[in-house]
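Student: Dropping in run.cif, which is mmCIF, C-alpha atoms and all ligand atoms:
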```
data_upload
#
loop_
_atom_site.label_atom_id
_atom_site.label_comp_id
_atom_site.auth_asym_id
_atom_site.auth_seq_id
_atom_site.Cartn_x
_atom_site.Cartn_y
_atom_site.Cartn_z
CA MET A 223 -25.74 16.88 -5.66
CA GLU A 224 -24.85 13.19 -6.03
CA LYS A 225 -22.37 11.91 -3.45
CA TRP A 226 -20.47 9.78 -5.97
CA ILE A 227 -19.81 9.72 -9.69
CA ALA A 228 -21.84 7.52 -11.98
CA LEU A 229 -19.38 4.96 -13.38
CA LYS A 230 -20.13 5.91 -16.97
CA ASP A 231 -19.04 9.50 -16.20
CA LEU A 232 -15.47 8.26 -15.76
CA GLU A 233 -15.30 8.40 -19.56
CA ASN A 234 -15.34 12.19 -19.44
CA TYR A 235 -12.21 12.68 -17.33
CA PRO A 236 -8.89 13.51 -19.00
CA LYS A 237 -5.82 11.29 -18.83
CA PRO A 238 -2.37 12.70 -18.14
CA ASP A 239 -0.01 13.03 -21.10
CA SER A 240 3.52 11.73 -20.94
CA LYS A 241 4.95 15.21 -20.30
CA GLU A 242 2.71 15.68 -17.26
CA ILE A 243 3.74 12.30 -15.87
CA ARG A 244 7.44 12.95 -16.47
CA SER A 245 7.36 16.35 -14.88
CA ALA A 246 5.37 15.07 -11.87
CA MET A 247 7.98 12.35 -11.36
CA ASP A 248 10.86 14.79 -11.77
CA PHE A 249 9.40 16.99 -9.06
CA ALA A 250 8.81 13.98 -6.78
CA VAL A 251 12.44 12.88 -7.22
CA SER A 252 13.63 16.40 -6.44
CA GLN A 253 11.56 16.33 -3.22
CA VAL A 254 13.22 13.07 -2.19
CA LYS A 255 16.67 14.49 -2.96
CA ARG A 256 15.98 17.64 -0.94
CA ASN A 257 14.89 15.48 1.99
CA LEU A 258 17.95 13.22 2.08
CA PRO A 259 20.05 15.27 4.52
CA GLU A 260 17.29 15.03 7.12
CA PHE A 261 16.00 11.56 6.23
CA THR A 262 18.91 9.22 5.59
CA ASP A 263 19.93 8.25 9.14
CA ARG A 264 16.40 9.00 10.34
CA PHE A 265 13.00 8.26 8.83
CA PRO A 266 9.91 10.38 8.18
CA ALA A 267 7.05 9.74 10.60
CA ALA A 268 3.94 7.93 9.31
CA ASN A 269 2.20 11.24 8.67
CA SER A 270 3.20 14.85 8.35
CA GLU A 271 2.34 17.64 10.77
CA ASN A 272 0.90 20.61 8.91
CA ASN A 273 2.22 18.94 5.76
CA PHE A 274 5.81 18.58 6.99
CA TYR A 275 7.30 15.29 8.13
CA VAL A 276 9.59 15.24 11.12
CA PRO A 277 12.42 12.72 11.41
CA GLY A 278 12.30 9.79 13.80
CA PRO A 279 13.73 6.32 14.42
CA ASN A 280 13.13 3.21 12.32
CA THR A 281 10.43 1.79 14.57
CA ASP A 282 7.01 2.24 12.95
CA TRP A 283 5.35 -0.08 10.37
CA THR A 284 5.68 2.69 7.79
CA THR A 285 9.41 3.38 7.43
CA GLY A 286 9.89 1.16 4.36
CA PHE A 287 7.77 3.47 2.23
CA TRP A 288 10.37 6.21 2.48
CA THR A 289 13.17 3.84 1.49
CA GLY A 290 10.93 2.75 -1.38
CA GLU A 291 10.72 6.38 -2.49
CA ILE A 292 14.52 6.51 -2.44
CA TRP A 293 14.74 3.40 -4.67
CA LEU A 294 12.18 4.80 -7.10
CA SER A 295 14.27 7.98 -7.21
CA TYR A 296 17.36 5.85 -7.88
CA GLU A 297 15.53 4.36 -10.87
CA ASN A 298 14.51 7.82 -12.11
CA ALA A 299 17.77 9.65 -11.45
CA GLU A 300 18.90 11.83 -14.33
CA THR A 301 22.64 11.30 -14.00
CA GLU A 302 24.97 8.60 -12.72
CA GLU A 303 26.07 10.98 -9.99
CA GLU A 304 22.52 11.46 -8.78
CA LYS A 305 21.90 7.71 -8.94
CA GLU A 306 24.90 7.19 -6.69
CA ILE A 307 23.49 9.64 -4.13
CA PHE A 308 20.23 7.69 -3.94
CA ARG A 309 22.02 4.34 -3.87
CA LYS A 310 24.17 5.37 -0.91
CA ALA A 311 21.16 6.66 1.03
CA GLY A 312 19.19 3.50 0.23
CA GLU A 313 22.03 1.30 1.41
CA ILE A 314 22.36 3.19 4.69
CA GLN A 315 18.67 2.59 5.27
CA VAL A 316 18.97 -1.10 4.44
CA GLN A 317 21.56 -1.41 7.25
CA SER A 318 19.02 0.13 9.61
CA PHE A 319 16.43 -2.45 8.51
CA LEU A 320 18.92 -5.28 9.02
CA GLU A 321 19.68 -4.06 12.52
CA ARG A 322 15.98 -3.66 13.26
CA ILE A 323 15.06 -7.24 12.39
CA ARG A 324 18.18 -8.66 14.06
CA ASN A 325 17.41 -6.73 17.27
CA ARG A 326 13.68 -7.41 16.94
CA GLU A 327 12.77 -3.75 17.35
CA ASN A 328 9.01 -3.36 16.89
CA VAL A 329 8.63 -6.37 14.65
CA ASP A 330 6.00 -8.28 16.63
CA HIS A 331 3.33 -7.66 14.00
CA HIS A 332 2.60 -8.69 10.42
CA ASP A 333 3.78 -5.60 8.55
CA MET A 334 7.01 -7.22 7.41
CA GLY A 335 6.09 -6.87 3.73
CA PHE A 336 5.39 -3.15 3.93
CA LEU A 337 8.70 -2.71 5.75
CA TYR A 338 11.00 -5.10 3.92
CA SER A 339 9.69 -5.40 0.33
CA LEU A 340 10.15 -1.71 -0.44
CA SER A 341 13.42 -1.28 1.41
CA CYS A 342 15.38 -4.54 1.24
CA VAL A 343 13.80 -6.64 -1.53
CA ALA A 344 13.95 -3.50 -3.69
CA ALA A 345 17.62 -2.96 -2.80
CA TYR A 346 18.47 -6.58 -3.54
CA LYS A 347 16.64 -6.56 -6.87
CA LEU A 348 18.25 -3.30 -7.95
CA THR A 349 21.80 -3.62 -6.62
CA GLY A 350 22.28 -7.22 -5.48
CA MET A 351 23.15 -6.03 -1.98
CA GLU A 352 23.61 -9.16 0.18
CA ASP A 353 22.70 -7.53 3.50
CA ALA A 354 19.38 -6.54 1.95
CA ARG A 355 18.66 -10.16 1.05
CA THR A 356 19.61 -11.31 4.56
CA ALA A 357 17.34 -8.73 6.17
CA ALA A 358 14.38 -9.52 3.90
CA LEU A 359 14.68 -13.25 4.56
CA LEU A 360 14.79 -12.68 8.34
CA ALA A 361 11.65 -10.56 7.94
CA ALA A 362 9.97 -13.32 5.94
CA ASP A 363 10.81 -15.80 8.72
CA ASN A 364 9.30 -13.41 11.22
CA LEU A 365 6.16 -13.10 9.10
CA ILE A 366 5.55 -16.84 8.81
CA SER A 367 6.03 -17.18 12.57
CA ARG A 368 2.71 -15.30 12.89
CA PHE A 369 0.78 -17.95 10.98
CA GLN A 370 -2.15 -19.47 12.86
CA PRO A 371 -2.86 -22.99 11.54
CA VAL A 372 -6.24 -23.02 13.32
CA GLY A 373 -8.09 -20.79 10.87
CA GLY A 374 -5.22 -20.63 8.38
CA PHE A 375 -4.18 -16.96 8.54
CA ILE A 376 -1.40 -14.61 9.56
CA GLN A 377 -2.30 -12.86 12.81
CA ALA A 378 -2.00 -9.12 12.32
CA TRP A 379 -1.37 -7.65 15.73
CA GLY A 380 -0.76 -8.47 19.36
CA GLU A 381 0.34 -11.54 21.31
CA MET A 382 0.02 -14.68 19.27
CA GLY A 383 -3.19 -16.55 20.08
CA GLU A 384 -4.85 -13.87 22.22
CA LYS A 385 -8.61 -14.13 21.70
CA GLU A 386 -9.04 -10.37 21.18
CA ASN A 387 -6.33 -10.46 18.52
CA TYR A 388 -7.27 -13.69 16.74
CA ARG A 389 -7.79 -11.90 13.45
CA PHE A 390 -6.27 -10.85 10.17
CA ILE A 391 -6.70 -7.56 8.35
CA ILE A 392 -7.17 -6.79 4.66
CA ASP A 393 -3.94 -4.75 4.60
CA CYS A 394 -1.96 -7.99 5.00
CA LEU A 395 -2.50 -8.86 1.32
CA LEU A 396 0.38 -6.46 0.67
CA ASN A 397 2.63 -8.29 3.13
CA LEU A 398 2.38 -11.55 1.18
CA PRO A 399 4.70 -10.69 -1.73
CA LEU A 400 7.61 -10.85 0.72
CA LEU A 401 6.75 -14.53 1.19
CA TYR A 402 6.49 -15.25 -2.54
CA TRP A 403 9.84 -13.57 -3.02
CA ALA A 404 11.40 -15.59 -0.16
CA ALA A 405 10.06 -18.84 -1.65
CA GLU A 406 11.54 -18.00 -5.05
CA GLU A 407 14.82 -16.85 -3.54
CA THR A 408 15.41 -19.82 -1.24
CA GLY A 409 13.47 -22.58 -3.00
CA GLU A 410 11.73 -23.25 0.33
CA GLU A 411 8.02 -23.87 -0.09
CA LYS A 412 7.11 -23.01 3.52
CA TYR A 413 6.88 -19.31 2.66
CA ARG A 414 4.56 -19.86 -0.29
CA GLU A 415 2.40 -22.30 1.71
CA VAL A 416 1.71 -19.69 4.39
CA ALA A 417 0.99 -17.02 1.77
CA GLU A 418 -1.42 -19.33 -0.08
CA LYS A 419 -3.30 -20.32 3.06
CA HIS A 420 -3.56 -16.74 4.22
CA ILE A 421 -4.79 -15.32 0.92
CA HIS A 422 -7.36 -18.08 0.65
CA THR A 423 -8.75 -17.37 4.15
CA ALA A 424 -8.60 -13.62 3.63
CA LEU A 425 -10.37 -13.45 0.28
CA ALA A 426 -13.00 -15.98 1.33
CA ASN A 427 -14.00 -13.73 4.24
CA VAL A 428 -13.19 -10.06 3.81
CA ILE A 429 -15.32 -9.34 0.74
CA ARG A 430 -18.96 -8.74 1.63
CA GLU A 431 -21.97 -9.48 -0.55
CA ASP A 432 -22.15 -5.92 -1.86
CA ASP A 433 -18.40 -6.10 -2.72
CA SER A 434 -17.33 -3.73 0.02
CA THR A 435 -14.75 -5.15 2.42
CA TRP A 436 -14.11 -5.72 6.09
CA HIS A 437 -11.05 -4.08 7.51
CA THR A 438 -10.41 -6.81 10.08
CA PHE A 439 -11.81 -10.31 10.43
CA PHE A 440 -11.85 -12.58 13.48
CA MET A 441 -11.51 -16.36 13.30
CA ASN A 442 -12.66 -18.78 15.96
CA PRO A 443 -9.51 -19.88 17.85
CA GLU A 444 -11.04 -23.26 18.83
CA THR A 445 -12.64 -24.33 15.55
CA GLY A 446 -10.79 -22.19 13.01
CA GLU A 447 -14.16 -21.19 11.52
CA PRO A 448 -14.79 -17.61 10.34
CA ASP A 449 -16.24 -15.64 13.23
CA HIS A 450 -16.98 -12.00 12.43
CA GLY A 451 -15.72 -8.87 10.71
CA ALA A 452 -15.07 -5.60 12.51
CA THR A 453 -13.62 -2.29 11.56
CA CYS A 454 -10.74 -0.55 13.26
CA GLN A 455 -10.00 2.45 11.00
CA GLY A 456 -13.27 2.57 9.03
CA TYR A 457 -16.22 4.74 10.07
CA ARG A 458 -18.29 1.86 11.45
CA ASP A 459 -18.72 -1.90 11.12
CA GLY A 460 -20.29 -2.50 7.75
CA SER A 461 -19.02 0.67 6.06
CA ALA A 462 -16.05 0.49 3.70
CA TRP A 463 -12.86 2.06 4.97
CA ALA A 464 -11.43 3.62 1.80
CA ARG A 465 -7.89 2.39 2.31
CA GLY A 466 -9.05 -1.11 3.20
CA GLN A 467 -10.96 -1.24 -0.08
CA ALA A 468 -7.85 0.04 -1.89
CA TRP A 469 -5.69 -2.62 -0.19
CA GLY A 470 -8.27 -5.06 -1.56
CA VAL A 471 -7.85 -3.71 -5.10
CA TYR A 472 -4.06 -3.95 -5.03
CA GLY A 473 -4.06 -7.11 -2.88
CA THR A 474 -6.23 -9.10 -5.30
CA ALA A 475 -4.11 -7.93 -8.24
CA ILE A 476 -0.91 -9.03 -6.51
CA GLY A 477 -2.61 -12.25 -5.43
CA TYR A 478 -3.40 -12.99 -9.07
CA ARG A 479 0.12 -12.09 -10.17
CA TYR A 480 1.62 -14.71 -7.86
CA THR A 481 -1.01 -17.47 -8.01
CA ARG A 482 -2.67 -17.01 -11.44
CA ARG A 483 -5.94 -18.17 -9.89
CA GLU A 484 -8.77 -17.15 -12.21
CA GLU A 485 -11.20 -16.44 -9.37
CA TYR A 486 -8.92 -13.65 -8.14
CA ILE A 487 -9.73 -11.67 -11.30
CA GLY A 488 -13.37 -11.86 -10.24
CA TYR A 489 -12.52 -10.68 -6.71
CA PHE A 490 -10.47 -7.84 -8.18
CA LYS A 491 -13.35 -6.71 -10.40
CA ARG A 492 -15.81 -6.76 -7.52
CA VAL A 493 -13.77 -4.73 -5.05
CA THR A 494 -12.59 -2.32 -7.75
CA ARG A 495 -16.11 -1.67 -9.02
CA TYR A 496 -17.19 -0.82 -5.47
CA PHE A 497 -14.21 1.50 -5.06
CA LEU A 498 -14.83 3.31 -8.37
CA GLU A 499 -18.55 3.63 -7.71
CA HIS A 500 -17.81 5.46 -4.47
CA LEU A 501 -15.52 8.12 -5.85
CA PRO A 502 -16.65 11.73 -5.55
CA GLN A 503 -16.54 14.18 -8.48
CA ASP A 504 -12.81 14.90 -8.26
CA LEU A 505 -11.97 11.15 -7.97
CA CYS A 506 -10.23 11.42 -4.58
CA PRO A 507 -12.08 9.19 -2.09
CA TYR A 508 -13.17 10.33 1.33
CA TRP A 509 -11.52 8.39 4.16
CA ASP A 510 -14.51 6.06 4.35
CA LEU A 511 -16.48 5.29 1.20
CA THR A 512 -19.72 5.90 3.06
CA PHE A 513 -18.91 9.60 2.58
CA GLY A 514 -19.07 11.56 -0.65
CA ASP A 515 -19.54 15.03 -2.06
CA GLY A 516 -21.45 17.24 0.33
CA ASP A 517 -20.16 15.45 3.44
CA GLU A 518 -17.86 17.54 5.58
CA GLU A 519 -15.27 14.83 5.92
CA ALA A 520 -11.57 14.35 5.21
CA ARG A 521 -10.21 12.75 2.04
CA ASP A 522 -7.74 9.96 1.85
CA SER A 523 -5.65 10.57 -1.27
CA SER A 524 -3.46 7.57 -0.39
CA SER A 525 -6.38 5.22 -1.14
CA ALA A 526 -6.61 6.67 -4.63
CA VAL A 527 -2.98 5.99 -5.51
CA ILE A 528 -2.98 2.51 -3.94
CA ALA A 529 -5.99 1.59 -6.10
CA VAL A 530 -4.30 3.14 -9.17
CA CYS A 531 -1.27 0.88 -8.65
CA GLY A 532 -3.56 -2.15 -8.21
CA MET A 533 -5.47 -1.40 -11.42
CA LEU A 534 -2.25 -0.89 -13.37
CA GLU A 535 -0.86 -4.17 -12.04
CA MET A 536 -4.00 -6.18 -12.81
CA SER A 537 -4.41 -4.69 -16.27
CA LYS A 538 -1.18 -6.48 -17.26
CA TYR A 539 -2.93 -9.84 -17.04
CA MET A 540 -6.38 -9.08 -18.46
CA GLU A 541 -7.83 -9.41 -21.91
CA LYS A 542 -7.69 -6.28 -24.05
CA ALA A 543 -11.01 -4.59 -23.26
CA ASP A 544 -10.73 -5.08 -19.49
CA SER A 545 -7.11 -4.08 -19.52
CA ALA A 546 -7.93 -0.83 -21.35
CA TYR A 547 -10.81 -0.10 -18.97
CA TYR A 548 -8.72 -0.39 -15.79
CA THR A 549 -5.68 1.35 -17.27
CA ASP A 550 -7.87 4.26 -18.33
CA ALA A 551 -9.56 4.51 -14.93
CA ALA A 552 -6.15 4.41 -13.23
CA ARG A 553 -4.71 7.13 -15.46
CA LYS A 554 -7.72 9.38 -14.92
CA ILE A 555 -7.54 9.11 -11.14
CA LEU A 556 -3.79 9.67 -11.23
CA ARG A 557 -4.24 12.82 -13.30
CA GLN A 558 -6.55 14.24 -10.63
CA MET A 559 -3.85 13.47 -8.08
CA ILE A 560 -1.15 15.17 -10.16
CA VAL A 561 -3.23 18.26 -10.80
CA LYS A 562 -5.09 18.73 -7.53
CA TYR A 563 -3.40 16.79 -4.72
CA ALA A 564 0.32 16.56 -5.47
CA VAL A 565 2.73 18.97 -3.77
CA LYS A 566 4.03 21.50 -6.30
CA ASP A 567 6.26 23.68 -4.15
CA PRO A 568 8.68 22.53 -1.43
CA LYS A 569 7.64 25.55 0.63
CA ASP A 570 4.20 23.96 1.08
CA SER A 571 5.33 20.51 2.15
CA ASN A 572 8.27 18.10 2.26
CA GLY A 573 5.94 15.27 1.17
CA GLN A 574 4.48 14.29 -2.19
CA LEU A 575 0.71 13.97 -1.87
CA LEU A 576 -1.54 16.18 0.23
CA MET A 577 -4.81 15.28 1.96
CA GLY A 578 -4.20 11.76 3.13
CA THR A 579 -5.84 10.38 6.24
CA TYR A 580 -4.10 7.86 8.47
CA SER A 581 -6.82 7.20 11.08
CA LYS A 582 -9.94 9.18 11.83
CA LYS A 583 -11.79 8.53 15.07
CA SER A 584 -15.54 7.99 14.81
CA PRO A 585 -18.06 7.11 17.54
CA TYR A 586 -18.10 3.57 16.13
CA ASN A 587 -14.49 2.63 15.42
CA THR A 588 -11.58 1.58 17.61
CA CYS A 589 -8.63 3.52 16.21
CA GLN A 590 -6.79 6.46 17.66
CA GLU A 591 -6.93 9.59 15.57
CA ALA A 592 -3.73 10.36 13.66
CA GLY A 593 -2.74 12.26 10.54
CA VAL A 594 -6.07 13.59 9.27
CA ASP A 595 -5.73 15.74 6.13
CA GLU A 596 -1.96 15.31 6.06
CA CYS A 597 0.63 13.70 3.84
CA VAL A 598 0.97 10.03 4.75
CA ILE A 599 4.20 8.34 3.83
CA TRP A 600 2.57 5.40 1.96
CA GLY A 601 0.48 7.88 -0.04
CA ASP A 602 3.73 9.53 -1.14
CA TYR A 603 5.27 6.15 -2.02
CA PHE A 604 2.28 4.84 -4.02
CA TYR A 605 1.97 8.16 -5.85
CA MET A 606 5.55 7.72 -7.05
CA GLU A 607 4.99 4.03 -7.80
CA ALA A 608 1.93 4.92 -9.91
CA LEU A 609 3.89 7.52 -11.88
CA HIS A 610 6.75 5.08 -12.33
CA ARG A 611 4.41 2.34 -13.56
CA LEU A 612 3.20 4.67 -16.32
CA LEU A 613 6.73 5.69 -17.24
CA VAL A 614 8.06 2.12 -17.21
CA PRO A 615 5.19 -0.28 -18.04
CA ASP A 616 7.41 -3.37 -17.66
CA TRP A 617 8.73 -2.18 -14.27
CA LYS A 618 10.13 -5.01 -12.15
CA MET A 619 8.12 -4.29 -9.05
CA TYR A 620 9.57 -4.36 -5.53
CA TRP A 621 6.56 -6.33 -4.24
N1 LIG A 701 -1.93 -0.67 7.32
C1 LIG A 701 -2.45 0.36 8.13
C2 LIG A 701 -3.08 1.46 7.35
O1 LIG A 701 -3.32 1.34 6.15
O2 LIG A 701 -3.36 2.48 7.96
#
```
Any chance you could put this one into structure tokens?
Tutor:
Amino acid sequence: MEKWIALKDLENYPKPDSKEIRSAMDFAVSQVKRNLPEFTDRFPAANSENNFYVPGPNTDWTTGFWTGEIWLSYENAETEEEKEIFRKAGEIQVQSFLERIRNRENVDHHDMGFLYSLSCVAAYKLTGMEDARTAALLAADNLISRFQPVGGFIQAWGEMGEKENYRFIIDCLLNLPLLYWAAEETGEEKYREVAEKHIHTALANVIREDDSTWHTFFMNPETGEPDHGATCQGYRDGSAWARGQAWGVYGTAIGYRYTRREEYIGYFKRVTRYFLEHLPQDLCPYWDLTFGDGDEEARDSSSAVIAVCGMLEMSKYMEKADSAYYTDAARKILRQMIVKYAVKDPKDSNGQLLMGTYSKKSPYNTCQEAGVDECVIWGDYFYMEALHRLLVPDWKMYW
């Protein structure tokens, strides 16, 4: 048995029809609605336990994904009454995000975009809520405070300047839209300048010769020169962590959307080809792309839906043939998610997408194991975003 599909075989997979997409979204919205009593003042944890999320405080890097699900539900609500229910819940959560950034609760890291684009920028774009704008701008200020001029990058984790933390990670490409939004909103170029410097450093270094990607990359704190790549959540240094590669797919697409730099289309094609070439038969990647069919390893369904969103975003800017190719690939992967991985019955799970993997420990990586073969809250969010993108092709994205 081959570990991965041959790219040409992608042609043979079915695409979802509009009824399938609509009914998948309707179910997803009903899941969100059912969850509101438990998850309005509290937030789902990063991953489920036996497929059920438990509520917790707004402290992790992942809480914005849930609020993003609420805003997508607001956009898909069937009646004005239902819309109002989602709006109220979303606004309560925005207040929690405002408090969090004002009180600086667990914000000494770079994940401001994941947290504030989907909660507060979304709220501001959809409802004009002023507190949401205030919170998102404070988060953008916090994000640019992590910029390291020596090396030209946003430091991901840890004390600023620490040698063992003098690095960026590929995930940060999704934090940058907060800065582009802040630049547009305030007219202040400082936000865009940091985003531009970071994306330049990141894309120049994280993509390897074979088009796989590094999860994290260290810069030299004295010279600012690129130093070395290293994995944290991938299987080993030199393998391709599936979600990192997916962040690369969506990150290059978003990078192009904001900068219109031609070379980013090339980066997008390279990382996406590598991702697609390492899909197993059912199109749901294993947690590291080194694994494939026949390996007794966990999947990461969240990587699939992140890459789907990236392909759908990029296809908006490509010439016809390329655009059709990536849209088709995205639809085919999403259909597999709808049919095989999406939750169908609330008795099975209070999430949306089964079989995600947050972090799997290997003998060669540095992460702590968490959420293996579980729902992960960003997988749920991107699954809904992917469905929404197909339902509303000119969607005004939250990023
Ligand atoms: N940004 C952390 C992760 O994708 O697990």
Student: Would you kindly return, as a VMD selection string, each protein, DNA or RNA residue with an atom no farther than 9 Å from any atom of A:Phe336, considering only C-alpha atoms and excluding same-chain residues fewer than 3 positions away?
Tutor: chain A and resid 283 to 287 332 to 333 339 to 341 394 396 to 397 400 621
Student: Please list as number ranges by chain every residue within 10 Å of stretch 323-330 of chain A, counting only C-alpha atoms and excluding residues in the same chain fewer than 2 positions away.
Tutor: A: 280-283, 318-321, 332-334, 337-338, 356-361, 364-365, 367-368, 378-382
Student: Measure the distance from atom CA of A:Arg458 to atom CA of A:Lys419 in Å and round it to one decimal.
Tutor: 28.1 Å
Student: A:Met606, A:Ile476, A:Ile376, A:Ala268: which is nearest ligand LIG 701 (chain A), counting only C-alpha atoms and all ligand atoms?
Tutor: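 Smallest distance to ligand LIG 701 (chain A) is found for A:Ala268.
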Student: Residues within 6 Å of stretch 523-526 of chain A, please, as a list in words. Count only C-alpha atoms; anything in the same chain fewer than 4 positions from it doesn't count.
Tutor: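 These residues fall inside the cut-off: Arg465, Ala468, Cys506, Met577, Gly578 and Gly601 of chain A.
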Student: Interatomic distance between atom CA of A:Ser245 and atom CA of A:Ser295?
Tutor: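 Going from atom CA of A:Ser245 over to atom CA of A:Ser295 covers 13.3 Å.
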Student: Could the residues that lie within 7 Å of ligand LIG 701 (chain A), counting only C-alpha atoms and all ligand atoms, be listed as a PyMOL selection string?
Tutor: chain A and resi 393+465-466+580-581
Student: Using all atoms listed in the file, which of A:Tyr388, A:Tyr235, A:Tyr496, A:Tyr296 sits nearest A:Asp550?
Tutor: A:Tyr235
Student: A:Val372: which residues within 7 Å, counting all atoms listed in the file, same-chain residues fewer than 5 positions away excluded, as a list of chain:residue names?
Tutor: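 Returned residues: A:Pro443, A:Thr445, A:Gly446.
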Student: Would you tabulate, counting only C-alpha atoms, all residues of stretch 415-501 of chain A that have an atom at most 10 Å from an atom of stretch 587-596 of chain A, showing the closest pair of atoms and their distance in Å to one decimal, sorted by chain then ascending number, as CSV?
Tutor:
```
residue,atom,partner,partner_atom,distance
A:Ala452,CA,A:Asn587,CA,8.7
A:Thr453,CA,A:Asn587,CA,6.3
A:Cys454,CA,A:Thr588,CA,4.9
A:Gln455,CA,A:Cys589,CA,5.5
A:Gly456,CA,A:Asn587,CA,6.5
A:Tyr457,CA,A:Asn587,CA,6.0
A:Arg458,CA,A:Asn587,CA,5.5
A:Asp459,CA,A:Asn587,CA,7.5
```
Student: My list of candidates is A:Asn273, A:Gln467, A:Thr262, A:Ser461. Which is closest to A:Ala311 when distances are computed with only C-alpha atoms?
Tutor: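 Residue with the minimum atom-to-atom distance to A:Ala311: A:Thr262.
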Student: Distance atom CA of A:Gln377-atom CA of A:Tyr486, one decimal place?
Tutor: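 Between these atoms lies a distance of 22.0 Å.
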Student: Considering all atoms listed in the file, state which residue in the set A:Arg256, A:Ile528, A:Asp263, A:Trp509 is at the smallest distance from A:Glu304.
Tutor: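 Closest candidate: A:Arg256.
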Student: Can you pull out the residues contacting A:Ile429? Cut-off 12 Å, using all atoms listed in the file, and skip same-chain residues under 2 positions away; I want them as JSON, numbers by chain.
Tutor: {"A": [391, 392, 422, 423, 424, 425, 426, 427, 431, 432, 433, 434, 435, 436, 437, 438, 439, 451, 460, 461, 462, 466, 467, 469, 470, 471, 474, 486, 488, 489, 490, 491, 492, 493, 494, 496]}
Student: Those same residues, written as an mmCIF file, in the frame of the given file with C-alpha atoms?
Tutor:
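Wrote it out as part_34.cif, contents follow:
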```cif
data_model
loop_
_atom_site.group_PDB
_atom_site.id
_atom_site.type_symbol
_atom_site.label_atom_id
_atom_site.label_comp_id
_atom_site.auth_asym_id
_atom_site.auth_seq_id
_atom_site.Cartn_x
_atom_site.Cartn_y
_atom_site.Cartn_z
ATOM 1 C CA ILE A 391 -6.700 -7.560 8.350
ATOM 2 C CA ILE A 392 -7.170 -6.790 4.660
ATOM 3 C CA HIS A 422 -7.360 -18.080 0.650
ATOM 4 C CA THR A 423 -8.750 -17.370 4.150
ATOM 5 C CA ALA A 424 -8.600 -13.620 3.630
ATOM 6 C CA LEU A 425 -10.370 -13.450 0.280
ATOM 7 C CA ALA A 426 -13.000 -15.980 1.330
ATOM 8 C CA ASN A 427 -14.000 -13.730 4.240
ATOM 9 C CA GLU A 431 -21.970 -9.480 -0.550
ATOM 10 C CA ASP A 432 -22.150 -5.920 -1.860
ATOM 11 C CA ASP A 433 -18.400 -6.100 -2.720
ATOM 12 C CA SER A 434 -17.330 -3.730 0.020
ATOM 13 C CA THR A 435 -14.750 -5.150 2.420
ATOM 14 C CA TRP A 436 -14.110 -5.720 6.090
ATOM 15 C CA HIS A 437 -11.050 -4.080 7.510
ATOM 16 C CA THR A 438 -10.410 -6.810 10.080
ATOM 17 C CA PHE A 439 -11.810 -10.310 10.430
ATOM 18 C CA GLY A 451 -15.720 -8.870 10.710
ATOM 19 C CA GLY A 460 -20.290 -2.500 7.750
ATOM 20 C CA SER A 461 -19.020 0.670 6.060
ATOM 21 C CA ALA A 462 -16.050 0.490 3.700
ATOM 22 C CA GLY A 466 -9.050 -1.110 3.200
ATOM 23 C CA GLN A 467 -10.960 -1.240 -0.080
ATOM 24 C CA TRP A 469 -5.690 -2.620 -0.190
ATOM 25 C CA GLY A 470 -8.270 -5.060 -1.560
ATOM 26 C CA VAL A 471 -7.850 -3.710 -5.100
ATOM 27 C CA THR A 474 -6.230 -9.100 -5.300
ATOM 28 C CA TYR A 486 -8.920 -13.650 -8.140
ATOM 29 C CA GLY A 488 -13.370 -11.860 -10.240
ATOM 30 C CA TYR A 489 -12.520 -10.680 -6.710
ATOM 31 C CA PHE A 490 -10.470 -7.840 -8.180
ATOM 32 C CA LYS A 491 -13.350 -6.710 -10.400
ATOM 33 C CA ARG A 492 -15.810 -6.760 -7.520
ATOM 34 C CA VAL A 493 -13.770 -4.730 -5.050
ATOM 35 C CA THR A 494 -12.590 -2.320 -7.750
ATOM 36 C CA TYR A 496 -17.190 -0.820 -5.470
#
```
Student: Kindly assemble as a Markdown table a list of the stretch 482-520 of chain A residues that lie within 7 Å of stretch 226-229 of chain A, each paired with its nearest atom pair and their distance in Å to one decimal, using all atoms listed in the file, sorted first by chain and then by ascending residue number.
Tutor:
```
| residue | atom | partner | partner_atom | distance |
| --- | --- | --- | --- | --- |
| A:Leu498 | CA | A:Leu229 | CA | 7.0 |
| A:Glu499 | CA | A:Leu229 | CA | 5.9 |
| A:His500 | CA | A:Trp226 | CA | 5.3 |
| A:Leu501 | CA | A:Trp226 | CA | 5.2 |
| A:Pro502 | CA | A:Trp226 | CA | 4.3 |
| A:Gln503 | CA | A:Ile227 | CA | 5.7 |
| A:Gly514 | CA | A:Trp226 | CA | 5.8 |
| A:Asp515 | CA | A:Trp226 | CA | 6.6 |
```
Student: So, counting all atoms listed in the file, which residue among A:Leu398, A:Leu294, A:Ile366, A:Met223 is closest to A:Leu613?
Tutor: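 Between A:Leu398, A:Leu294, A:Ile366, A:Met223, the residue approaching A:Leu613 most closely is A:Leu294.
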Student: Where does stretch 377-468 of chain A meet stretch 344-349 of chain A within 12 Å, residue by residue, with the nearest atom pair and distance in Å to one decimal for each, counting all atoms listed in the file, listed by chain and rising number, as a Markdown table?
Tutor:
```
| residue | atom | partner | partner_atom | distance |
| --- | --- | --- | --- | --- |
| A:Pro399 | CA | A:Ala344 | CA | 11.9 |
| A:Leu400 | CA | A:Ala344 | CA | 10.7 |
| A:Trp403 | CA | A:Lys347 | CA | 10.5 |
| A:Ala404 | CA | A:Tyr346 | CA | 11.9 |
| A:Glu407 | CA | A:Tyr346 | CA | 10.9 |
```
